[in-house]
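> So here's input_14.txt (compact mmCIF, C-alpha atoms).
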```
# COMPACT_ATOMS: atom_id res chain seq x y z
CA MET Q 3 10.84 24.65 15.67
CA THR Q 4 7.33 25.83 16.54
CA HIS Q 5 5.05 23.05 17.78
CA GLN Q 6 2.70 21.67 15.12
CA ILE Q 7 -0.39 19.54 15.26
CA PRO Q 8 -1.24 17.26 12.32
CA VAL Q 9 -3.42 18.73 9.58
CA ASN Q 10 -5.74 15.72 9.85
CA PRO Q 11 -7.94 16.53 12.87
CA HIS Q 12 -8.41 12.80 13.47
CA ALA Q 13 -4.70 11.97 13.43
CA THR Q 14 -3.69 9.10 15.68
CA PRO Q 15 -1.80 9.84 18.89
CA GLU Q 16 1.25 8.16 17.36
CA ALA Q 17 1.16 10.44 14.30
CA ALA Q 18 0.80 13.52 16.50
CA ALA Q 19 3.70 12.36 18.69
CA LEU Q 20 5.91 11.83 15.65
CA LEU Q 21 5.20 15.32 14.37
CA ARG Q 22 6.01 16.78 17.80
CA TYR Q 23 9.28 14.84 17.75
CA LEU Q 24 10.21 16.20 14.33
CA CYS Q 25 9.49 19.75 15.48
CA GLN Q 26 11.53 19.31 18.66
CA THR Q 27 14.46 17.90 16.67
CA ALA Q 28 14.62 20.45 13.86
CA GLY Q 29 17.29 23.06 14.48
CA THR Q 30 18.91 21.24 17.38
CA LYS Q 31 19.69 17.82 15.92
CA ILE Q 32 18.92 15.97 12.69
CA ILE Q 33 17.51 12.45 12.30
CA ALA Q 34 19.62 10.16 10.13
CA GLY Q 35 17.62 8.35 7.47
CA GLN Q 36 18.30 5.83 4.75
CA HIS Q 37 16.20 4.57 1.86
CA THR Q 38 16.40 0.82 1.40
CA GLN Q 39 15.48 -0.73 -1.91
CA THR Q 40 15.71 -4.40 -1.07
CA ASN Q 41 14.10 -6.53 1.61
CA PRO Q 42 17.47 -7.54 3.10
CA MET Q 43 17.94 -3.79 3.79
CA GLU Q 44 21.55 -4.04 2.67
CA GLU Q 45 22.09 -0.28 3.03
CA VAL Q 46 21.29 -0.39 6.75
CA ALA Q 47 23.65 -3.32 7.26
CA TYR Q 48 26.37 -1.43 5.38
CA LEU Q 49 25.97 1.67 7.54
CA LYS Q 50 26.14 -0.41 10.72
CA GLU Q 51 29.33 -2.06 9.50
CA VAL Q 52 30.93 1.24 8.44
CA THR Q 53 29.81 3.56 11.25
CA GLY Q 54 28.76 1.30 14.10
CA ARG Q 55 25.34 2.96 14.01
CA THR Q 56 22.04 2.56 12.19
CA PRO Q 57 19.55 5.10 10.85
CA LYS Q 58 16.62 6.13 13.02
CA LEU Q 59 14.47 6.62 9.91
CA CYS Q 60 14.11 4.21 6.99
CA GLY Q 61 12.46 4.72 3.64
CA PHE Q 62 10.59 1.96 1.85
CA GLU Q 63 9.18 1.81 -1.68
CA LEU Q 64 5.63 0.86 -2.72
CA LEU Q 65 6.16 0.59 -6.48
CA SER Q 66 5.58 -3.18 -6.57
CA TYR Q 67 2.07 -2.60 -5.15
CA SER Q 68 1.05 -0.60 -8.24
CA PRO Q 69 -1.98 -2.41 -9.72
CA ASN Q 70 -0.88 -1.79 -13.33
CA LEU Q 71 2.52 -3.48 -13.36
CA PRO Q 72 4.03 -4.42 -16.74
CA ASP Q 73 4.15 -8.01 -17.90
CA ASP Q 74 7.32 -10.09 -18.09
CA THR Q 75 8.29 -8.57 -21.45
CA ALA Q 76 9.44 -5.41 -19.66
CA SER Q 77 13.15 -4.66 -19.48
CA GLU Q 78 15.28 -6.56 -17.03
CA PRO Q 79 16.08 -3.43 -14.95
CA CYS Q 80 12.34 -2.80 -14.58
CA LEU Q 81 11.54 -6.40 -13.62
CA THR Q 82 14.48 -6.45 -11.20
CA GLU Q 83 13.24 -3.31 -9.47
CA ILE Q 84 9.75 -4.79 -9.10
CA ARG Q 85 11.15 -8.06 -7.71
CA GLU Q 86 13.44 -6.27 -5.26
CA ASN Q 87 10.57 -4.22 -3.88
CA ARG Q 88 7.99 -6.99 -3.53
CA GLY Q 89 6.83 -7.39 0.05
CA THR Q 90 8.38 -4.16 1.28
CA VAL Q 91 5.36 -3.45 3.50
CA ASP Q 92 6.08 -6.69 5.38
CA THR Q 93 9.69 -5.59 5.79
CA ALA Q 94 8.76 -2.09 6.89
CA LEU Q 95 6.23 -3.36 9.44
CA ARG Q 96 8.71 -5.84 10.87
CA TRP Q 97 11.48 -3.23 11.06
CA ALA Q 98 9.24 -0.64 12.71
CA LYS Q 99 7.97 -3.08 15.34
CA GLU Q 100 11.44 -4.42 16.12
CA THR Q 101 13.21 -1.07 16.33
CA ASN Q 102 10.56 1.60 16.97
CA GLY Q 103 12.16 3.43 14.06
CA ILE Q 104 10.49 6.02 11.83
CA VAL Q 105 8.93 4.81 8.56
CA THR Q 106 8.71 6.95 5.45
CA LEU Q 107 7.14 5.66 2.24
CA SER Q 108 7.87 6.57 -1.37
CA PHE Q 109 5.65 5.53 -4.27
CA HIS Q 110 7.02 5.31 -7.78
CA TRP Q 111 3.51 4.70 -9.09
CA PHE Q 112 3.29 2.80 -12.37
CA SER Q 113 0.74 4.73 -14.45
CA PRO Q 114 -2.80 3.56 -13.61
CA ILE Q 115 -3.58 2.97 -17.30
CA GLY Q 116 -1.32 2.03 -20.18
CA GLY Q 117 2.38 2.60 -20.24
CA LYS Q 118 5.32 0.33 -20.72
CA ASP Q 119 8.34 -0.65 -18.71
CA LYS Q 120 8.95 1.83 -15.83
CA SER Q 121 5.73 3.71 -16.51
CA PHE Q 122 6.11 5.97 -13.49
CA TYR Q 123 8.36 7.88 -15.89
CA ALA Q 124 6.36 10.20 -18.14
CA GLU Q 125 8.42 9.16 -21.16
CA ASN Q 126 7.09 5.60 -20.79
CA THR Q 127 3.37 6.37 -20.66
CA ASP Q 128 0.77 8.51 -22.41
CA PHE Q 129 -1.33 8.58 -19.22
CA ASP Q 130 -2.59 12.15 -18.84
CA ALA Q 131 -2.72 13.21 -15.19
CA LYS Q 132 -4.80 16.26 -16.08
CA GLN Q 133 -7.69 13.99 -17.07
CA ILE Q 134 -7.95 12.75 -13.47
CA LEU Q 135 -9.35 16.15 -12.55
CA HIS Q 136 -12.37 15.66 -14.83
CA PRO Q 137 -15.24 13.55 -13.44
CA GLY Q 138 -16.25 10.56 -15.54
CA THR Q 139 -12.92 9.97 -17.26
CA PRO Q 140 -11.21 6.56 -17.38
CA GLU Q 141 -8.12 8.21 -15.91
CA ARG Q 142 -10.04 9.38 -12.85
CA ALA Q 143 -11.60 5.96 -12.29
CA ALA Q 144 -8.20 4.27 -12.57
CA PHE Q 145 -6.66 6.81 -10.19
CA PHE Q 146 -9.17 6.04 -7.44
CA HIS Q 147 -8.92 2.31 -8.15
CA ASP Q 148 -5.21 2.49 -7.43
CA LEU Q 149 -5.75 4.65 -4.36
CA ASP Q 150 -8.00 1.93 -2.95
CA ALA Q 151 -5.31 -0.69 -3.55
CA ILE Q 152 -2.59 1.32 -1.82
CA ALA Q 153 -4.92 2.21 1.06
CA VAL Q 154 -5.04 -1.51 1.89
CA GLN Q 155 -1.28 -1.45 2.48
CA LEU Q 156 -1.30 1.81 4.43
CA LYS Q 157 -4.02 0.48 6.73
CA ARG Q 158 -1.69 -2.33 7.77
CA PHE Q 159 0.49 0.29 9.48
CA GLN Q 160 -2.52 1.90 11.12
CA ALA Q 161 -3.61 -1.49 12.48
CA GLU Q 162 -0.23 -1.74 14.22
CA ASN Q 163 -0.35 1.86 15.54
CA ILE Q 164 2.63 2.79 13.36
CA PRO Q 165 2.71 6.37 12.02
CA VAL Q 166 3.97 6.89 8.48
CA LEU Q 167 5.64 9.85 6.80
CA TRP Q 168 3.67 9.61 3.55
CA ARG Q 169 5.25 11.41 0.58
CA PRO Q 170 3.05 11.05 -2.53
CA PHE Q 171 3.61 12.77 -5.90
CA HIS Q 172 7.23 13.49 -5.07
CA GLU Q 173 9.46 15.72 -7.21
CA SER Q 174 6.46 17.35 -8.87
CA ASP Q 175 8.64 20.39 -9.53
CA GLY Q 176 10.01 18.27 -12.39
CA THR Q 177 8.27 16.69 -15.37
CA TRP Q 178 9.96 13.27 -15.36
CA PHE Q 179 7.14 11.47 -13.48
CA TRP Q 180 3.62 11.24 -14.94
CA TRP Q 181 2.12 13.09 -11.95
CA GLY Q 182 4.41 16.07 -12.61
CA ALA Q 183 4.34 15.96 -16.39
CA LYS Q 184 1.39 18.37 -16.63
CA GLY Q 185 2.93 20.82 -14.19
CA PRO Q 186 2.95 21.38 -10.42
CA VAL Q 187 -0.61 22.75 -10.25
CA VAL Q 188 -2.01 19.45 -11.55
CA ALA Q 189 0.18 17.52 -9.09
CA LYS Q 190 -1.14 19.72 -6.28
CA GLU Q 191 -4.72 18.91 -7.27
CA LEU Q 192 -3.95 15.18 -7.35
CA TYR Q 193 -2.48 15.47 -3.85
CA LEU Q 194 -5.61 17.25 -2.60
CA LEU Q 195 -7.82 14.55 -4.12
CA MET Q 196 -5.75 11.89 -2.39
CA TYR Q 197 -5.70 13.74 0.92
CA ASP Q 198 -9.49 14.05 0.94
CA TYR Q 199 -10.04 10.45 -0.15
CA TYR Q 200 -7.58 8.91 2.30
CA THR Q 201 -8.58 11.11 5.23
CA ASN Q 202 -12.35 11.19 4.80
CA ARG Q 203 -13.15 7.99 2.90
CA HIS Q 204 -10.49 5.60 4.18
CA ALA Q 205 -9.92 7.19 7.61
CA LEU Q 206 -6.17 6.80 7.24
CA ASN Q 207 -5.29 8.75 10.35
CA ASN Q 208 -1.77 7.43 10.89
CA LEU Q 209 -0.28 9.43 8.00
CA LEU Q 210 1.78 12.57 8.25
CA TRP Q 211 1.51 14.30 4.89
CA VAL Q 212 4.85 15.21 3.33
CA TRP Q 213 4.89 17.61 0.37
CA ASN Q 214 7.85 17.38 -2.00
CA CYS Q 215 7.89 20.29 -4.46
CA ARG Q 216 9.65 23.65 -4.30
CA LEU Q 217 7.52 25.64 -6.73
CA PRO Q 218 5.12 28.04 -5.01
CA GLU Q 219 2.30 27.47 -7.51
CA GLY Q 220 2.35 23.79 -6.55
CA TYR Q 221 1.97 24.17 -2.78
CA PRO Q 222 -1.31 22.58 -1.55
CA GLY Q 223 -1.57 24.93 1.43
CA ASP Q 224 -0.86 24.78 5.14
CA ASP Q 225 -4.17 23.02 5.85
CA PHE Q 226 -3.05 19.91 3.96
CA VAL Q 227 0.70 19.57 4.62
CA ASP Q 228 2.53 18.43 7.75
CA VAL Q 229 6.11 18.42 6.43
CA VAL Q 230 7.64 20.31 3.52
CA SER Q 231 10.54 18.56 1.84
CA VAL Q 232 12.94 18.59 -1.05
CA ASP Q 233 15.04 16.06 -2.97
CA ILE Q 234 18.60 17.14 -3.82
CA TYR Q 235 21.23 15.31 -5.87
CA LEU Q 236 24.45 17.30 -6.12
CA PRO Q 237 26.59 16.65 -9.22
CA GLU Q 238 29.62 15.93 -7.03
CA TYR Q 239 30.52 15.84 -3.36
CA ARG Q 240 30.79 19.04 -1.38
CA ALA Q 241 30.34 19.60 2.33
CA THR Q 242 26.99 21.32 2.84
CA ASP Q 243 24.20 21.94 5.32
CA TYR Q 244 21.85 22.61 2.36
CA ALA Q 245 21.15 26.07 3.83
CA GLU Q 246 20.27 27.77 0.55
CA ASP Q 247 18.00 24.87 -0.39
CA TYR Q 248 16.21 25.31 2.94
CA ARG Q 249 15.64 28.99 2.30
CA GLN Q 250 14.33 28.32 -1.21
CA LEU Q 251 12.02 25.56 0.03
CA ILE Q 252 10.52 27.66 2.81
CA ALA Q 253 10.07 30.64 0.48
CA ALA Q 254 8.17 28.45 -2.00
CA THR Q 255 6.04 26.60 0.57
CA SER Q 256 5.59 27.66 4.20
CA SER Q 257 7.61 28.91 7.13
CA HIS Q 258 5.08 27.30 9.48
CA LYS Q 259 5.96 23.70 8.62
CA VAL Q 260 8.81 21.49 9.68
CA ALA Q 261 11.19 20.75 6.80
CA ALA Q 262 13.08 17.67 5.64
CA LEU Q 263 15.69 16.52 3.15
CA ALA Q 264 13.44 13.75 1.82
CA GLU Q 265 16.07 12.41 -0.59
CA VAL Q 266 19.73 13.30 -0.92
CA GLY Q 267 22.52 11.79 -2.92
CA ILE Q 268 25.08 13.21 -0.47
CA ALA Q 269 24.48 13.26 3.27
CA PRO Q 270 24.58 16.70 4.90
CA ASP Q 271 27.67 17.77 6.79
CA ALA Q 272 26.98 17.32 10.51
CA ALA Q 273 29.61 19.83 11.63
CA MET Q 274 28.16 22.54 9.41
CA LEU Q 275 24.65 21.82 10.72
CA ALA Q 276 25.93 22.01 14.30
CA GLU Q 277 27.13 25.54 13.52
CA SER Q 278 24.26 26.80 11.36
CA HIS Q 279 21.30 25.06 13.01
CA ILE Q 280 19.46 24.91 9.69
CA PRO Q 281 16.24 23.28 10.90
CA TRP Q 282 16.07 20.13 8.83
CA ALA Q 283 14.19 17.52 10.88
CA TYR Q 284 15.70 14.60 8.98
CA PHE Q 285 17.62 13.57 5.92
CA MET Q 286 17.32 10.38 3.90
CA THR Q 287 20.16 9.22 1.69
CA TRP Q 288 18.97 7.32 -1.36
CA SER Q 289 19.58 3.61 -1.84
CA LYS Q 290 22.13 1.31 -3.43
CA GLU Q 291 25.15 3.15 -4.90
CA PHE Q 292 24.21 6.40 -3.13
CA CYS Q 293 24.90 4.58 0.12
CA ILE Q 294 26.98 1.48 -0.60
CA GLY Q 295 30.46 1.95 -1.97
CA GLU Q 296 32.19 5.30 -2.07
CA THR Q 297 30.91 6.87 -5.27
CA HIS Q 298 28.69 9.44 -3.54
CA ASN Q 299 29.47 9.19 0.18
CA THR Q 300 32.80 7.89 1.45
CA LYS Q 301 32.99 5.69 4.51
CA GLN Q 302 34.71 8.50 6.38
CA GLN Q 303 31.97 10.96 5.44
CA PHE Q 304 29.32 8.56 6.73
CA ARG Q 305 31.30 8.04 9.94
CA SER Q 306 31.54 11.78 10.52
CA VAL Q 307 27.76 12.10 10.11
CA TYR Q 308 26.56 9.03 12.00
CA GLN Q 309 28.97 9.46 14.91
CA SER Q 310 28.21 13.17 15.39
CA ASP Q 311 26.60 14.30 18.63
CA ASN Q 312 23.95 16.27 16.74
CA VAL Q 313 22.78 13.37 14.56
CA ILE Q 314 20.07 11.01 15.85
CA THR Q 315 20.55 7.32 15.14
CA MET Q 316 19.08 4.18 16.68
CA GLU Q 317 21.99 4.09 19.07
CA ALA Q 318 22.18 7.77 19.95
CA GLU Q 319 19.35 10.23 20.55
```
As a first step, turn the structure in this file into structure tokens.

Amino acid sequence: MTHQIPVNPHATPEAAALLRYLCQTAGTKIIAGQHTQTNPMEEVAYLKEVTGRTPKLCGFELLSYSPNLPDDTASEPCLTEIRENRGTVDTALRWAKETNGIVTLSFHWFSPIGGKDKSFYAENTDFDAKQILHPGTPERAAFFHDLDAIAVQLKRFQAENIPVLWRPFHESDGTWFWWGAKGPVVAKELYLLMYDYYTNRHALNNLLWVWNCRLPEGYPGDDFVDVVSVDIYLPEYRATDYAEDYRQLIAATSSHKVAALAEVGIAPDAAMLAESHIPWAYFMTWSKEFCIGETHNTKQQFRSVYQSDNVITMEAE
């Protein structure tokens, strides 16, 4: 993969080094990643037990840091998810310092105003993302209020010289989250507002900016994106290197950016990737039942991935 420099001209040396590493990896090997939804990181422990190896990249969730969380009358699944994700920044910091692993952050952002239950879902809130784009609106004020709150957490990584693969407004090619409910162009504008605010106001220079939408009208542009990515959940298992998904993603975004499988329900087939050299820098299997148990990935499938010579884990570069 062609060498890239971060889009933020003030990027930290650690962020620049991580981007170089992703570019060097893509097309030759792939970094194994795993999202972990609980502080005990049970998915990582499961993979170690099953494969003898651990992911080089781990995903952590910031939803419990949303300022507008519901009260205790919310549904039990909602309250459970909030409880399970409390303190994930502490966990991510500790893991990164102990392992020198790669951190990626997801943010299922409870709507800044109003909403009920899991209000990151559009069906649970009447919060209108389009209103953020208009100066003077309550929605815009609440948006920046929440950005300030999350910046506090992101700065904790910067203080420790830890780069972060930051993936805001994910899956904005769909309408199920409030930030995508008004279409990908609105989501793109929200991303650009955040990029400017975090880069120029908060001087968050440890972030690599990961875009996660495969509609061309939603692409923010090469000046604002370090990594293009896609989330893919196949209806049932099949061996795949996600080659067609790569081609579609690059066609809709940019051929000048390193690409990633930011979320998958089924891990890519390492043998197929070794043959095709589709230049995914990393993949990240989603948490809980997508990893643990054998509903989506069997133990043998995980072993074949994690023990492959062309897959980077903590134990094997």
> Within 10 Å of Ala94 in chain Q, counting all atoms listed in the file, which residues show up once you throw out same-chain ones fewer than 3 positions away? Write them as a VMD selection string, please.
chain Q and resid 38 41 43 60 to 63 89 to 91 97 to 100 103 to 107 159
> Around (3.3, 12.4, 4.7), as given in the file, which residues come within 7 Å? Count all atoms listed in the file and list them as number ranges by chain.
Q: 166-169, 209-213, 228-229
> Export C-alpha atoms of the chosen residues as a CSV table (one decimal), in the coordinates of the input?

```csv
chain,number,residue,atom,x,y,z
Q,166,VAL,CA,4.0,6.9,8.5
Q,167,LEU,CA,5.6,9.8,6.8
Q,168,TRP,CA,3.7,9.6,3.6
Q,169,ARG,CA,5.2,11.4,0.6
Q,209,LEU,CA,-0.3,9.4,8.0
Q,210,LEU,CA,1.8,12.6,8.2
Q,211,TRP,CA,1.5,14.3,4.9
Q,212,VAL,CA,4.8,15.2,3.3
Q,213,TRP,CA,4.9,17.6,0.4
Q,228,ASP,CA,2.5,18.4,7.8
Q,229,VAL,CA,6.1,18.4,6.4
```
> Using only C-alpha atoms for the distances, tell me which of Q:Thr177, Q:Ala143, Q:Ala131, Q:Gly54 is nearest to Tyr193 in chain Q.
Q:Ala131
> Just how far from CA of Asp271 in chain Q is CA of Thr242 in chain Q, in Å to one decimal?
5.4 Å
> Using all atoms listed in the file, find each residue in range 3-43 of chain Q having at least one atom no more than 12 Å away from range 245-260 of chain Q; report its shortest atom-to-atom pair and that distance in Å (one decimal), rows by chain then rising number, as a tab-separated table.

```
residue	atom	partner	partner_atom	distance
Q:Met3	CA	Q:Val260	CA	7.1
Q:Thr4	CA	Q:His258	CA	7.6
Q:His5	CA	Q:Val260	CA	9.1
Q:Gln6	CA	Q:Lys259	CA	7.5
Q:Ile7	CA	Q:Lys259	CA	10.1
Q:Pro8	CA	Q:Lys259	CA	10.3
Q:Val9	CA	Q:Lys259	CA	10.7
Q:Leu20	CA	Q:Val260	CA	11.7
Q:Leu21	CA	Q:Val260	CA	8.5
Q:Arg22	CA	Q:Val260	CA	9.8
Q:Tyr23	CA	Q:Val260	CA	10.5
Q:Leu24	CA	Q:Val260	CA	7.2
Q:Cys25	CA	Q:Val260	CA	6.1
Q:Gln26	CA	Q:Val260	CA	9.6
Q:Thr27	CA	Q:Val260	CA	9.7
Q:Ala28	CA	Q:Val260	CA	7.2
Q:Gly29	CA	Q:Val260	CA	9.9
Q:Ile32	CA	Q:Val260	CA	11.9
```
> Using C-alpha atoms, can you export the residues from the last selection as a PDB file, in the frame of the given file?

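Listing of result.pdb after writing:
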```pdb
ATOM      1  CA  MET Q   3      10.840  24.650  15.670  1.00  0.00           C
ATOM      2  CA  THR Q   4       7.330  25.830  16.540  1.00  0.00           C
ATOM      3  CA  HIS Q   5       5.050  23.050  17.780  1.00  0.00           C
ATOM      4  CA  GLN Q   6       2.700  21.670  15.120  1.00  0.00           C
ATOM      5  CA  ILE Q   7      -0.390  19.540  15.260  1.00  0.00           C
ATOM      6  CA  PRO Q   8      -1.240  17.260  12.320  1.00  0.00           C
ATOM      7  CA  VAL Q   9      -3.420  18.730   9.580  1.00  0.00           C
ATOM      8  CA  LEU Q  20       5.910  11.830  15.650  1.00  0.00           C
ATOM      9  CA  LEU Q  21       5.200  15.320  14.370  1.00  0.00           C
ATOM     10  CA  ARG Q  22       6.010  16.780  17.800  1.00  0.00           C
ATOM     11  CA  TYR Q  23       9.280  14.840  17.750  1.00  0.00           C
ATOM     12  CA  LEU Q  24      10.210  16.200  14.330  1.00  0.00           C
ATOM     13  CA  CYS Q  25       9.490  19.750  15.480  1.00  0.00           C
ATOM     14  CA  GLN Q  26      11.530  19.310  18.660  1.00  0.00           C
ATOM     15  CA  THR Q  27      14.460  17.900  16.670  1.00  0.00           C
ATOM     16  CA  ALA Q  28      14.620  20.450  13.860  1.00  0.00           C
ATOM     17  CA  GLY Q  29      17.290  23.060  14.480  1.00  0.00           C
ATOM     18  CA  ILE Q  32      18.920  15.970  12.690  1.00  0.00           C
TER      19      ILE Q  32
END
```
> Kindly give the distance, in Å, that separates CA of Glu296 in chain Q and CA of Ala269 in chain Q, rounded to a single decimal.
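Here the two named atoms are 12.3 Å from each other.
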> I'd like to know which of Q:Ser306, Q:Ile164, Q:Ala241, Q:Lys31 is closest to Tyr284 in chain Q, using only C-alpha atoms.
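Between Q:Ser306, Q:Ile164, Q:Ala241, Q:Lys31, the residue approaching Tyr284 in chain Q most closely is Q:Lys31.
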> Can you tell me, as a PDB file with C-alpha atoms, in the coordinates of the input, what residues are no more than 9 Å from Cys215 in chain Q when counting only C-alpha atoms, ignoring any on the same chain fewer than 6 positions away?

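For reference, around_15.pdb as written:
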```pdb
ATOM      1  CA  PHE Q 171       3.610  12.770  -5.900  1.00  0.00           C
ATOM      2  CA  HIS Q 172       7.230  13.490  -5.070  1.00  0.00           C
ATOM      3  CA  GLU Q 173       9.460  15.720  -7.210  1.00  0.00           C
ATOM      4  CA  SER Q 174       6.460  17.350  -8.870  1.00  0.00           C
ATOM      5  CA  ASP Q 175       8.640  20.390  -9.530  1.00  0.00           C
ATOM      6  CA  GLY Q 176      10.010  18.270 -12.390  1.00  0.00           C
ATOM      7  CA  PRO Q 186       2.950  21.380 -10.420  1.00  0.00           C
ATOM      8  CA  TYR Q 221       1.970  24.170  -2.780  1.00  0.00           C
ATOM      9  CA  VAL Q 230       7.640  20.310   3.520  1.00  0.00           C
ATOM     10  CA  SER Q 231      10.540  18.560   1.840  1.00  0.00           C
ATOM     11  CA  VAL Q 232      12.940  18.590  -1.050  1.00  0.00           C
ATOM     12  CA  ASP Q 233      15.040  16.060  -2.970  1.00  0.00           C
ATOM     13  CA  LEU Q 251      12.020  25.560   0.030  1.00  0.00           C
ATOM     14  CA  ALA Q 254       8.170  28.450  -2.000  1.00  0.00           C
ATOM     15  CA  THR Q 255       6.040  26.600   0.570  1.00  0.00           C
TER      16      THR Q 255
END
```
> Please indicate the distance in Å from CA of Trp180 in chain Q to CA of Leu263 in chain Q, rounded to one decimal place.
22.4 Å
